[in-house]
>>> print(open('work-v2.cif').read())   # mmCIF, C-alpha atoms
data_start
#
loop_
_atom_site.label_atom_id
_atom_site.label_comp_id
_atom_site.auth_asym_id
_atom_site.auth_seq_id
_atom_site.Cartn_x
_atom_site.Cartn_y
_atom_site.Cartn_z
CA MET A 1 17.13 -10.64 16.57
CA THR A 2 20.28 -11.90 14.93
CA PRO A 3 20.49 -12.07 11.14
CA GLY A 4 20.14 -15.78 11.27
CA GLY A 5 16.87 -15.44 13.10
CA ALA A 6 17.86 -17.74 15.92
CA GLY A 7 15.17 -17.88 18.51
CA VAL A 8 12.33 -16.80 16.26
CA ALA A 9 11.06 -20.27 15.52
CA GLN A 10 12.27 -21.92 18.72
CA ARG A 11 9.64 -21.83 21.46
CA HIS A 12 11.23 -23.57 24.42
CA ASP A 13 9.03 -21.67 26.85
CA GLN A 14 5.81 -22.62 25.09
CA PRO A 15 4.29 -25.94 26.15
CA THR A 16 2.04 -27.51 23.58
CA GLY A 17 -1.49 -28.62 24.07
CA GLY A 18 -3.58 -25.47 24.05
CA PRO A 19 -4.10 -22.13 25.74
CA ALA A 20 -3.68 -23.43 29.24
CA GLY A 21 0.07 -23.34 28.97
CA ARG A 22 0.29 -19.87 27.47
CA THR A 23 1.64 -16.93 29.32
CA GLY A 24 1.25 -13.24 28.70
CA ILE A 25 0.00 -9.99 30.08
CA GLY A 26 -3.41 -9.41 31.54
CA TYR A 27 -6.16 -7.56 29.74
CA GLU A 28 -9.18 -5.95 31.26
CA PRO A 29 -12.22 -5.95 28.98
CA GLY A 30 -13.52 -2.53 28.15
CA GLY A 31 -10.17 -0.79 28.47
CA ALA A 32 -8.28 -1.13 25.24
CA PRO A 33 -4.59 -1.02 26.13
CA GLY A 34 -2.15 1.07 24.17
CA ALA A 35 -0.22 -0.18 21.20
CA ARG A 36 2.28 1.25 18.81
CA SER A 37 0.63 3.23 16.04
CA ALA A 38 2.70 2.15 13.04
CA VAL A 39 2.34 -1.14 11.23
CA VAL A 40 5.52 -2.63 9.85
CA ASP A 41 5.10 -3.70 6.26
CA GLY A 42 8.11 -2.48 4.36
CA PRO A 43 9.24 0.80 2.86
CA TYR A 44 6.62 0.70 0.17
CA GLY A 45 3.76 -0.02 2.48
CA GLY A 46 3.47 -3.52 1.19
CA ASN A 47 0.30 -2.57 -0.77
CA ASP A 48 -0.90 -3.89 0.56
CA GLY A 49 -2.51 -4.00 -2.34
CA MET A 50 0.39 -1.91 -3.20
CA TYR A 51 1.02 -2.79 -6.71
CA GLY A 52 -2.02 -4.91 -7.39
CA PRO A 53 -5.52 -5.42 -5.92
CA ASP A 54 -5.86 -6.67 -2.38
CA ASP A 55 -8.57 -9.27 -2.88
CA ALA A 56 -7.66 -12.02 -0.43
CA PRO A 57 -10.42 -14.23 0.97
CA TYR A 58 -10.74 -12.02 4.04
CA ALA A 59 -11.89 -9.00 2.02
CA PRO A 60 -15.59 -9.58 1.41
CA VAL A 61 -18.13 -6.86 0.60
CA MET A 62 -19.67 -5.10 3.56
CA ALA A 63 -23.37 -4.62 4.03
CA SER A 64 -24.45 -1.01 4.56
CA ARG A 65 -24.98 0.22 8.09
CA SER A 66 -27.07 2.99 9.49
CA GLY A 67 -26.09 6.61 8.97
CA ASP A 68 -26.81 9.60 6.80
CA ASP A 69 -25.60 7.64 3.78
CA GLY A 70 -26.14 4.13 5.08
CA THR A 71 -22.81 3.93 6.91
CA ASP A 72 -21.69 4.60 10.44
CA ARG A 73 -17.91 4.80 10.48
CA GLY A 74 -17.76 5.11 14.24
CA ALA A 75 -19.28 1.71 14.95
CA ALA A 76 -17.65 -1.70 14.89
CA PRO A 77 -19.03 -4.36 12.55
CA ASP A 78 -22.03 -6.31 13.70
CA ILE A 79 -20.90 -9.13 15.94
CA GLY A 80 -22.52 -12.36 14.92
CA ALA A 81 -23.56 -15.24 17.10
CA ASP A 82 -20.46 -17.19 16.09
CA LEU A 83 -18.17 -14.60 17.67
CA ALA A 84 -20.27 -14.39 20.83
CA SER A 85 -20.10 -18.16 21.29
CA HIS A 86 -16.29 -18.42 21.13
CA MET A 87 -13.39 -17.41 23.30
CA ALA A 88 -10.95 -14.76 22.11
CA ASP A 89 -8.08 -17.23 21.65
CA GLU A 90 -10.19 -19.44 19.36
CA VAL A 91 -11.07 -16.58 17.00
CA LEU A 92 -7.54 -15.18 16.92
CA ALA A 93 -5.93 -18.59 16.49
CA ASP A 94 -8.29 -19.57 13.67
CA TYR A 95 -7.51 -16.38 11.74
CA LEU A 96 -3.75 -16.66 12.27
CA HIS A 97 -3.77 -20.32 11.30
CA GLN A 98 -5.53 -19.52 8.02
CA GLN A 99 -3.21 -16.64 7.13
CA SER A 100 -0.14 -18.70 8.04
CA ALA A 101 -1.37 -21.54 5.86
CA ASP A 102 -1.82 -19.06 3.00
CA PHE A 103 1.72 -17.80 3.58
CA LEU A 104 3.21 -21.28 3.43
CA ARG A 105 1.12 -22.23 0.39
CA SER A 106 2.29 -19.10 -1.44
CA LEU A 107 5.88 -19.88 -0.50
CA ARG A 108 5.55 -23.35 -2.02
CA LEU A 109 4.04 -21.90 -5.20
CA HIS A 110 6.89 -19.41 -5.43
CA ARG A 111 9.48 -22.16 -5.16
CA GLU A 112 7.65 -24.28 -7.76
CA SER A 113 7.29 -21.39 -10.24
CA GLY A 114 10.89 -21.82 -11.43
CA SER A 115 11.50 -19.67 -14.50
CA ASP A 116 7.85 -18.59 -14.73
CA ALA A 117 8.23 -14.89 -13.91
CA GLU A 118 4.49 -14.24 -13.92
CA GLY A 119 3.79 -17.15 -11.61
CA ALA A 120 6.60 -16.12 -9.27
CA GLY A 121 5.28 -12.55 -9.18
CA GLU A 122 1.76 -13.67 -8.32
CA ALA A 123 3.09 -16.03 -5.63
CA ALA A 124 5.14 -13.17 -4.15
CA ARG A 125 2.04 -10.96 -4.05
CA GLN A 126 0.09 -13.68 -2.25
CA LEU A 127 3.02 -14.16 0.12
CA ARG A 128 3.10 -10.47 1.00
CA ARG A 129 -0.67 -10.36 1.33
CA ALA A 130 -0.65 -13.08 3.97
CA ALA A 131 2.36 -11.49 5.69
CA ARG A 132 0.53 -8.16 5.92
CA ARG A 133 -2.50 -9.72 7.55
CA ILE A 134 -0.42 -11.67 10.04
CA SER A 135 1.57 -8.56 10.91
CA ALA A 136 -1.54 -6.39 11.23
CA THR A 137 -3.28 -8.94 13.44
CA LEU A 138 -0.30 -9.27 15.75
CA HIS A 139 -0.18 -5.47 15.95
CA THR A 140 -3.86 -4.73 16.59
CA PHE A 141 -4.43 -7.59 19.01
CA ARG A 142 -1.00 -7.36 20.60
CA PRO A 143 -2.30 -7.35 24.24
CA LEU A 144 -3.75 -10.82 23.64
CA THR A 145 -0.49 -12.28 22.31
CA GLU A 146 2.92 -13.08 23.74
CA GLU A 147 4.16 -9.61 22.94
CA ALA A 148 7.92 -10.16 22.67
CA TRP A 149 7.52 -13.07 20.27
CA ALA A 150 4.80 -11.33 18.26
CA ASP A 151 6.80 -8.07 17.95
CA GLN A 152 9.83 -9.95 16.70
CA LEU A 153 7.80 -11.82 14.09
CA ARG A 154 6.11 -8.60 12.97
CA SER A 155 9.48 -6.96 12.48
CA GLU A 156 10.72 -9.87 10.37
CA LEU A 157 7.55 -9.97 8.29
CA GLY A 158 8.00 -6.25 7.62
CA TRP A 159 11.53 -6.89 6.39
CA LEU A 160 10.33 -9.68 4.11
CA SER A 161 7.40 -7.67 2.73
CA GLY A 162 9.69 -4.75 1.93
CA ALA A 163 12.25 -6.98 0.24
CA LEU A 164 9.59 -8.54 -2.00
CA ALA A 165 7.81 -5.25 -2.75
CA ARG A 166 10.67 -3.31 -4.31
CA GLU A 167 10.82 -5.14 -7.62
CA GLN A 168 7.09 -4.80 -8.23
CA ALA A 169 7.27 -1.17 -7.12
CA CYS A 170 9.87 -0.34 -9.75
CA ALA A 171 7.92 -2.13 -12.47
CA ALA A 172 4.67 -0.39 -11.58
CA ARG A 173 6.38 3.00 -11.34
CA ARG A 174 7.97 2.59 -14.75
CA GLU A 175 4.65 1.60 -16.32
CA ARG A 176 2.91 4.55 -14.69
CA LEU A 177 5.48 7.10 -15.85
CA MET A 178 5.66 5.74 -19.39
CA ALA A 179 1.87 5.89 -19.66
CA ALA A 180 1.87 9.46 -18.31
CA LEU A 181 4.49 10.54 -20.83
CA GLN A 182 2.46 9.01 -23.64
CA ARG A 183 -0.67 10.78 -22.44
CA LEU A 184 1.06 14.15 -22.05
CA THR A 185 2.57 14.06 -25.53
CA GLY A 186 -0.66 12.98 -27.24
CA ARG A 187 -2.56 15.68 -29.15
CA GLY A 188 -5.96 14.75 -27.82
CA PRO A 189 -7.89 12.01 -26.04
CA GLU A 190 -9.02 10.62 -29.37
CA ARG A 191 -5.46 9.63 -30.27
CA GLY A 192 -5.02 7.28 -27.31
CA ASP A 193 -2.14 4.90 -27.75
CA ARG A 194 -1.43 6.26 -31.23
CA GLY A 195 0.49 9.15 -29.65
CA ASP A 196 3.23 6.78 -28.53
CA ARG A 197 3.59 5.11 -31.92
CA THR A 198 3.95 8.46 -33.66
CA GLY A 199 6.55 9.77 -31.21
CA ARG A 200 9.42 9.10 -33.57
CA GLY A 201 7.69 10.99 -36.34
CA ASP A 202 7.28 13.98 -34.02
CA ARG A 203 10.97 13.92 -33.23
CA GLY A 204 11.75 13.85 -36.95
CA LYS A 205 9.96 17.19 -37.35
CA ARG A 206 12.03 19.01 -34.74
CA GLY A 207 14.28 20.51 -37.42
CA ASP A 208 11.34 22.17 -39.17
CA ARG A 209 10.04 23.56 -35.87
CA THR A 210 13.33 25.01 -34.71
CA THR A 211 13.86 26.85 -37.99
CA THR A 212 10.40 28.40 -38.10
CA GLY A 213 9.49 28.88 -34.44
CA SER A 214 12.70 29.65 -32.60
CA SER A 215 11.32 32.96 -31.38
CA THR A 216 8.21 31.46 -29.82
CA GLY A 217 10.02 29.80 -26.92
CA PRO A 218 9.15 26.44 -25.39
CA ALA A 219 5.57 25.31 -25.52
CA THR A 220 3.57 24.55 -22.40
CA PRO A 221 1.45 21.42 -21.75
CA SER A 222 -1.65 23.49 -22.48
CA ALA A 223 -0.44 24.15 -26.02
CA SER A 224 -2.60 21.26 -27.25
CA SER A 225 -5.27 23.91 -27.87
CA ALA A 226 -3.11 25.50 -30.60
CA PRO A 227 -4.51 25.64 -34.15
CA SER A 228 -4.38 22.36 -36.04
CA THR A 229 -2.30 23.98 -38.79
CA ASP A 230 0.75 23.74 -36.51
CA PRO A 231 2.35 20.35 -37.31
CA ASP A 232 3.68 19.95 -33.74
CA PRO A 233 1.86 22.06 -31.12
CA ASP A 234 3.71 20.33 -28.24
CA GLY A 235 7.12 20.52 -29.83
CA ALA A 236 9.15 21.32 -26.71
CA LEU A 237 7.49 18.53 -24.74
CA SER A 238 7.67 16.01 -27.57
CA ALA A 239 11.32 16.84 -28.17
CA GLY A 240 12.29 15.92 -24.63
CA ALA A 241 9.72 13.21 -23.93
CA ALA A 242 11.57 10.47 -25.82
CA ARG A 243 14.85 11.16 -24.03
CA ALA A 244 13.06 11.54 -20.70
CA GLY A 245 11.35 8.19 -21.24
CA ALA A 246 14.65 6.54 -22.13
CA LEU A 247 16.30 7.99 -19.04
CA LEU A 248 13.50 6.85 -16.75
CA ASP A 249 13.48 3.43 -18.40
CA ARG A 250 17.21 2.99 -17.76
CA GLN A 251 17.01 4.13 -14.15
CA LEU A 252 13.91 2.16 -13.18
CA THR A 253 14.98 -0.97 -15.06
CA LEU A 254 18.31 -0.88 -13.23
CA ALA A 255 16.50 -0.38 -9.92
CA ARG A 256 14.18 -3.28 -10.71
CA THR A 257 17.10 -5.55 -11.55
CA ARG A 258 18.79 -4.69 -8.28
CA ALA A 259 15.54 -5.23 -6.38
CA HIS A 260 15.08 -8.62 -8.05
CA SER A 261 18.59 -9.67 -7.03
CA ALA A 262 18.01 -8.43 -3.49
CA ALA A 263 14.72 -10.36 -3.28
CA LEU A 264 16.37 -13.57 -4.45
CA GLN A 265 19.14 -13.05 -1.93
CA ALA A 266 16.61 -12.44 0.83
CA LEU A 267 14.61 -15.57 -0.04
CA GLY A 268 17.78 -17.65 0.14
CA SER A 269 19.03 -16.23 3.43
CA SER A 270 18.98 -17.88 6.82
CA ARG A 271 16.95 -14.93 8.07
CA PHE A 272 14.13 -15.77 5.67
CA HIS A 273 14.22 -19.45 6.63
CA ALA A 274 13.85 -18.41 10.27
CA VAL A 275 10.80 -16.31 9.34
CA ALA A 276 9.29 -19.24 7.46
CA ASP A 277 9.90 -21.50 10.46
CA SER A 278 8.17 -18.96 12.71
CA VAL A 279 5.14 -18.81 10.43
CA ALA A 280 5.07 -22.62 10.36
CA VAL A 281 4.92 -22.57 14.16
CA LEU A 282 2.16 -19.97 13.96
CA ALA A 283 0.21 -22.18 11.56
CA SER A 284 -0.08 -24.89 14.19
CA GLU A 285 -0.04 -22.99 17.47
CA ALA A 286 -0.62 -19.25 17.87
CA PRO A 287 1.44 -17.57 20.64
CA LEU A 288 -1.47 -16.12 22.59
CA ALA A 289 -1.61 -14.85 26.15
CA ARG A 290 -3.40 -16.85 28.82
CA THR A 291 -6.05 -14.13 29.17
CA ALA A 292 -7.11 -14.72 25.55
CA ALA A 293 -8.47 -18.10 26.62
CA GLU A 294 -10.31 -16.60 29.58
CA LEU A 295 -12.25 -13.86 27.79
CA PRO A 296 -15.21 -14.23 25.41
CA ALA A 297 -14.40 -13.03 21.91
CA ASP A 298 -17.23 -10.50 21.88
CA GLU A 299 -15.76 -8.84 24.98
CA ALA A 300 -12.02 -8.94 24.25
CA LEU A 301 -11.79 -8.25 20.51
CA PRO A 302 -14.17 -5.33 19.75
CA PRO A 303 -12.40 -2.87 22.10
CA LEU A 304 -9.13 -3.45 20.26
CA VAL A 305 -10.87 -3.05 16.90
CA GLU A 306 -12.37 0.21 18.13
CA GLN A 307 -8.94 1.36 19.28
CA ALA A 308 -7.54 0.76 15.78
CA HIS A 309 -10.43 2.70 14.28
CA ARG A 310 -10.01 5.52 16.79
CA ARG A 311 -6.34 5.91 15.85
CA LEU A 312 -7.44 6.12 12.23
CA THR A 313 -10.06 8.80 12.85
CA GLU A 314 -7.59 10.85 14.89
CA ALA A 315 -5.02 10.68 12.09
CA VAL A 316 -7.62 11.64 9.48
CA ALA A 317 -8.72 14.58 11.63
CA ALA A 318 -5.17 15.96 11.38
CA LEU A 319 -5.28 15.96 7.56
CA PRO A 320 -6.18 19.17 5.68
CA LEU A 321 -9.34 17.59 4.29
CA SER A 322 -11.23 20.88 4.14
CA ARG A 323 -8.80 22.23 1.59
CA ALA A 324 -8.33 18.90 -0.16
CA GLY A 325 -12.10 18.75 -0.61
CA TYR A 326 -11.90 21.52 -3.20
CA PRO A 327 -10.84 20.45 -6.72
CA TYR A 328 -7.78 22.15 -8.19
CA ASN A 329 -6.66 23.54 -4.85
CA ALA A 330 -2.94 23.21 -5.75
CA ALA A 331 -2.10 22.16 -2.19
CA ALA A 332 -0.25 19.02 -3.31
CA LEU A 333 1.83 20.53 -6.10
CA ALA A 334 4.81 21.22 -3.86
CA ALA A 335 6.77 17.98 -3.47
CA ASP A 336 7.46 17.69 0.23
CA GLN A 337 7.88 14.44 2.12
CA ARG A 338 6.64 16.13 5.27
CA GLN A 339 3.43 16.98 3.44
CA ASP A 340 2.92 13.44 2.13
CA ALA A 341 3.91 11.56 5.29
CA PRO A 342 0.60 12.05 7.20
CA TRP A 343 -1.32 10.70 4.23
CA HIS A 344 0.94 7.65 4.05
CA GLN A 345 0.39 7.08 7.77
CA VAL A 346 -3.39 7.24 7.31
CA ARG A 347 -3.11 4.66 4.52
CA MET A 348 -1.45 2.21 6.89
CA LEU A 349 -4.03 2.91 9.61
CA VAL A 350 -6.87 2.34 7.13
CA ARG A 351 -5.40 -1.06 6.37
CA LEU A 352 -5.03 -1.89 10.06
CA SER A 353 -8.64 -0.96 10.75
CA ARG A 354 -9.91 -2.92 7.77
CA TYR A 355 -7.98 -6.06 8.65
CA ALA A 356 -9.13 -5.84 12.26
CA ARG A 357 -12.76 -5.64 11.16
CA GLU A 358 -12.25 -8.59 8.84
CA LEU A 359 -11.17 -10.73 11.77
CA ILE A 360 -14.22 -10.14 13.96
CA ALA A 361 -16.70 -10.05 11.07
CA PRO A 362 -15.24 -12.01 8.13
CA GLU A 363 -18.63 -12.12 6.42
CA ALA A 364 -18.92 -8.32 6.37
CA GLY A 365 -15.74 -6.67 5.09
CA ASP A 366 -15.70 -2.87 5.07
CA LEU A 367 -16.15 -1.80 1.46
CA LEU A 368 -15.82 1.88 2.34
CA LEU A 369 -12.51 1.42 4.11
CA ALA A 370 -11.31 -0.55 1.09
CA GLU A 371 -12.33 2.37 -1.16
CA ALA A 372 -10.49 4.82 1.07
CA GLY A 373 -7.45 2.57 0.99
CA ARG A 374 -7.47 2.49 -2.81
CA ALA A 375 -7.54 6.29 -2.95
CA LEU A 376 -4.56 6.47 -0.60
CA GLU A 377 -2.66 3.84 -2.59
CA TRP A 378 -3.25 6.01 -5.64
CA HIS A 379 -1.85 8.91 -3.60
CA ARG A 380 1.23 6.89 -2.62
CA ASP A 381 1.89 5.67 -6.16
CA ALA A 382 1.60 9.17 -7.62
CA ALA A 383 3.85 10.68 -4.94
CA GLU A 384 6.55 8.07 -5.53
CA ALA A 385 6.28 8.47 -9.31
CA ALA A 386 6.69 12.24 -8.94
CA ALA A 387 9.76 11.66 -6.78
CA ALA A 388 11.22 9.38 -9.46
CA ALA A 389 10.67 12.04 -12.13
CA ALA A 390 12.31 14.66 -9.93
CA ALA A 391 15.28 12.38 -9.26
CA ALA A 392 15.71 11.78 -13.00
CA ALA A 393 15.61 15.53 -13.62
CA ARG A 394 18.60 15.93 -11.30
CA THR A 395 20.73 13.70 -13.55
CA PRO A 396 23.85 15.68 -14.56
CA ARG A 397 24.27 17.01 -18.08
CA ILE A 398 20.81 16.23 -19.45
CA ALA A 399 19.43 18.37 -22.29
CA PRO A 400 17.10 21.26 -21.41
CA ALA A 401 14.27 19.66 -23.39
CA THR A 402 14.67 16.46 -21.36
CA ALA A 403 14.62 18.39 -18.10
CA TYR A 404 11.52 20.26 -19.28
CA ALA A 405 9.68 17.02 -20.09
CA LEU A 406 10.61 15.57 -16.70
CA GLY A 407 9.39 18.74 -15.02
CA VAL A 408 6.05 18.47 -16.79
CA LEU A 409 5.86 14.81 -15.80
CA HIS A 410 6.62 15.68 -12.18
CA ALA A 411 3.88 18.31 -12.14
CA ASP A 412 1.45 15.87 -13.71
CA GLN A 413 2.07 13.30 -10.98
CA ARG A 414 1.73 15.91 -8.24
CA HIS A 415 -1.64 16.79 -9.77
CA GLU A 416 -2.46 13.09 -9.42
CA VAL A 417 -1.53 13.37 -5.74
CA GLU A 418 -3.96 16.26 -5.40
CA ALA A 419 -6.68 14.28 -7.19
CA ALA A 420 -6.13 11.30 -4.89
CA ARG A 421 -6.52 13.51 -1.83
CA PHE A 422 -9.71 14.91 -3.26
CA ALA A 423 -10.99 11.36 -3.91
CA PHE A 424 -10.18 10.30 -0.35
CA GLY A 425 -12.03 13.33 0.98
CA ARG A 426 -15.06 12.42 -1.11
CA VAL A 427 -15.01 8.95 0.45
CA TRP A 428 -14.43 10.05 4.02
CA LEU A 429 -15.97 13.47 4.63
CA PRO A 430 -19.61 12.76 3.70
CA ARG A 431 -19.55 9.96 6.25
CA THR A 432 -18.16 12.09 9.06
CA PRO A 433 -21.10 13.48 11.07
CA ASP A 434 -19.21 16.55 12.33
CA ARG A 435 -17.87 17.73 8.97
CA LYS A 436 -16.79 21.33 8.95
CA GLY A 437 -16.52 23.47 5.83
#
>>> encode(input="work-v2.cif", output="C-alpha cells")
Amino acid sequence: MTPGGAGVAQRHDQPTGGPAGRTGIGYEPGGAPGARSAVVDGPYGGNDGMYGPDDAPYAPVMASRSGDDGTDRGAAPDIGADLASHMADEVLADYLHQQSADFLRSLRLHRESGSDAEGAGEAARQLRRAARRISATLHTFRPLTEEAWADQLRSELGWLSGALAREQACAARRERLMAALQRLTGRGPERGDRGDRTGRGDRGKRGDRTTTGSSTGPATPSASSAPSTDPDPDGALSAGAARAGALLDRQLTLARTRAHSAALQALGSSRFHAVADSVAVLASEAPLARTAAELPADEALPPLVEQAHRRLTEAVAALPLSRAGYPYNAAALAADQRQDAPWHQVRMLVRLSRYARELIAPEAGDLLLAEAGRALEWHRDAAEAAAAAAAAARTPRIAPATAYALGVLHADQRHEVEAARFAFGRVWLPRTPDRKG
C-alpha cells in the first residue's frame, strides 16, 4: 500500500447489495485452513489493554465450564441457538459493523476533545481497542474474508495502533519506574508514600554517612533490615535514587513528547484518512467471501476459533512453565529479548483466542483467558520497564551511585517479570489436564 492509502477504501470490485456479489476463496467446514500466527497491533502490543483495562462491551464474564476446576480450556464456548440459526456472514458482519462503529465514534470523540488531554487519551484508548478487535477478527476468520483487502486493512490498523500506543506506553513506564524507585528507597511498608516525600532529607544526610561509614561499602537493597539506630540504612541506594529518577524522568518525558508529536502527525496524515475511510466502508459492508454466506455460522466459525486456541496451546507448551511454576526461580533475571519474546507471542495469541470466542459467544466471554492476558501484560510492562532502566544506566558519565540505583531498579523489574510468569503459570497449569512436574 502506498503511504496515501490509495486503494484501501476504494472497492471497485465489490458490488453492493449483500453477500451474493462477494468473491473469495472456498472453505470446507471441519478443516480449519492455515493462517499467519502473528496479530498485527503495533510494537507495544496495543494492550490491548496495554496501558489500561480492556473492558470493551465484547468482554463479558464467562460462565464456568466442566473440568477439574470448572473449566475446560480445550473446548470452544457453548454455541447458542442464535449462532446456529444464522449464516457465517451474518455473524461476522454484525461483529465487524459494531466494532467499526465504535472505531468511528471514538475517532469523533478524539477530534471533539480539543485541549482536553484526558478526554483525548480515553478516546485514543477506545480507538485502539476497536482497532484491535477488527484486526484480530480479520486475522482469525481470514478464510471467510476477501483476504487481500483484509490483510491490507489489518496492516494499516497495526500501524495506527502502534502510533497511538507509544505516548501512553511512555507515560505508564515512567509512572511504574517512579513508583518502584519510591518503594525501593522506603524503609518499610508502613512508610508508603512518605518515603518519596522524605527523599530530599535522606540526600541531605549523605555527608554524615560518608564521613562515618566510608569503610562499609555500598549498601544492598536488603539493608532495610539494619538496626534502626542507623539514620540511613539504604544510603547508597537513596543517594543515587534521586538522580536516577531525574534521569529516567527526562528520558521518558522526552520520549513521550516525541510520541505525542508522532501520534498527532499520524492522525493528520493521508494514510490515516485512508484507514478511516476503510473502516467506514467496513461499518456498512464487510468484505466477506462468498462461502461465508453459504455456510451456517455454527459450522464455519467454531473450527477457526479452535484453530486460534490450538495455536495458543502449542505456544504455551513451548514455554518453560515447569520452572516458572516455582517461586523465586531466578529464570527471568537475565534480561534477554530472546527469552521474553515467546511470552510476548503467547500474550498476543491469548488475545486472539479471547476475541475469537467473544465473537461466537458474546454472552460468555472467557474470564480465564482475560486473567491470563493480564498476567502477560504485567510481564510485558515489567520487561519494558527493566529495559528502560538498563538503557538509562548506559548513559555516559553518570555517577556510580546513580548507576547502582538503576541497577537495583532493573533487577527489581526483572523480578516482576519472574513474578508475572509465575502468575501466568498459576492461571494456566492447573487447567491443563496433562500437566507435568
>>> resolve_selection(input="work-v2.cif", expression="the PyMOL selection byres ((chain A and resi 86) around 10)", output="ChimeraX atom specification")
/A:81-85,87-91,293,295-298
>>> atom_distance(input="work-v2.cif", atom1="atom CA of A:Ala382", atom2="atom CA of A:Gln413")
5.3 Å
>>> resolve_selection(input="work-v2.cif", expression="the PyMOL selection byres ((chain A and resi 393-396) around 12)", output="list in words")
Gly240, Arg243, Ala244, Gly245, Leu247, Leu248, Gln251, Ala386, Ala387, Ala388, Ala389, Ala390, Ala391, Ala392, Arg397, Ile398, Ala399, Pro400, Ala401, Thr402, Ala403, Tyr404, Ala405, Leu406, Gly407, Val408, Leu409 and His410 of chain A
>>> closest_residue(input="work-v2.cif", among="A:Trp149, A:Val417, A:Arg256, A:Leu109", to="A:Gln339", atoms="only C-alpha atoms")
A:Val417
>>> resolve_selection(input="work-v2.cif", expression="the PyMOL selection byres ((chain A and resi 132-134) around 8)", output="PyMOL selection string")
chain A and resi 41+46+48+96+99-100+128-131+135-138+154+157-158+161+355
>>> write_last_selection(input="work-v2.cif", atoms="C-alpha atoms", output="CSV table (one decimal), in the coordinates of the input")
chain,number,residue,atom,x,y,z
A,41,ASP,CA,5.1,-3.7,6.3
A,46,GLY,CA,3.5,-3.5,1.2
A,48,ASP,CA,-0.9,-3.9,0.6
A,96,LEU,CA,-3.8,-16.7,12.3
A,99,GLN,CA,-3.2,-16.6,7.1
A,100,SER,CA,-0.1,-18.7,8.0
A,128,ARG,CA,3.1,-10.5,1.0
A,129,ARG,CA,-0.7,-10.4,1.3
A,130,ALA,CA,-0.6,-13.1,4.0
A,131,ALA,CA,2.4,-11.5,5.7
A,135,SER,CA,1.6,-8.6,10.9
A,136,ALA,CA,-1.5,-6.4,11.2
A,137,THR,CA,-3.3,-8.9,13.4
A,138,LEU,CA,-0.3,-9.3,15.8
A,154,ARG,CA,6.1,-8.6,13.0
A,157,LEU,CA,7.6,-10.0,8.3
A,158,GLY,CA,8.0,-6.2,7.6
A,161,SER,CA,7.4,-7.7,2.7
A,355,TYR,CA,-8.0,-6.1,8.6
>>> atom_distance(input="work-v2.cif", atom1="atom CA of A:Ala283", atom2="atom CA of A:Pro302")
23.6 Å
>>> closest_residue(input="work-v2.cif", among="A:Gln307, A:Thr313, A:Gln182, A:Asn329", to="A:Arg142", atoms="all atoms listed in the file")
A:Gln307
>>> atom_distance(input="work-v2.cif", atom1="atom CA of A:Gly425", atom2="atom CA of A:Ser322")
8.2 Å
>>> residues_around(input="work-v2.cif", residues="A:Leu319", least_positions_apart="4", cutoff="9 Å", atoms="only C-alpha atoms", output="count of residues only")
5
>>> closest_residue(input="work-v2.cif", among="A:Ala101, A:Leu92, A:Ala263, A:Leu352", to="A:Val281", atoms="all atoms listed in the file")
A:Ala101
>>> residues_near_point(input="work-v2.cif", point="(9.1, 2.3, -15.8)", cutoff="10 Å", atoms="only C-alpha atoms", output="list of chain:residue names")
A:Ala169, A:Cys170, A:Ala171, A:Ala172, A:Arg173, A:Arg174, A:Glu175, A:Arg176, A:Leu177, A:Met178, A:Ala179, A:Gly245, A:Ala246, A:Leu247, A:Leu248, A:Asp249, A:Arg250, A:Gln251, A:Leu252, A:Thr253, A:Ala255, A:Arg256, A:Ala385, A:Ala388
>>> closest_residue(input="work-v2.cif", among="A:Ala318, A:Leu369, A:Ala286, A:Leu429", to="A:Gln98", atoms="only C-alpha atoms")
A:Ala286
>>> closest_residue(input="work-v2.cif", among="A:Leu144, A:Leu160, A:Ala361, A:Ala420", to="A:Arg374", atoms="all atoms listed in the file")
A:Ala420
>>> closest_residue(input="work-v2.cif", among="A:Gln345, A:Ser106, A:Gln168, A:Ser353", to="A:His260", atoms="all atoms listed in the file")
A:Gln168
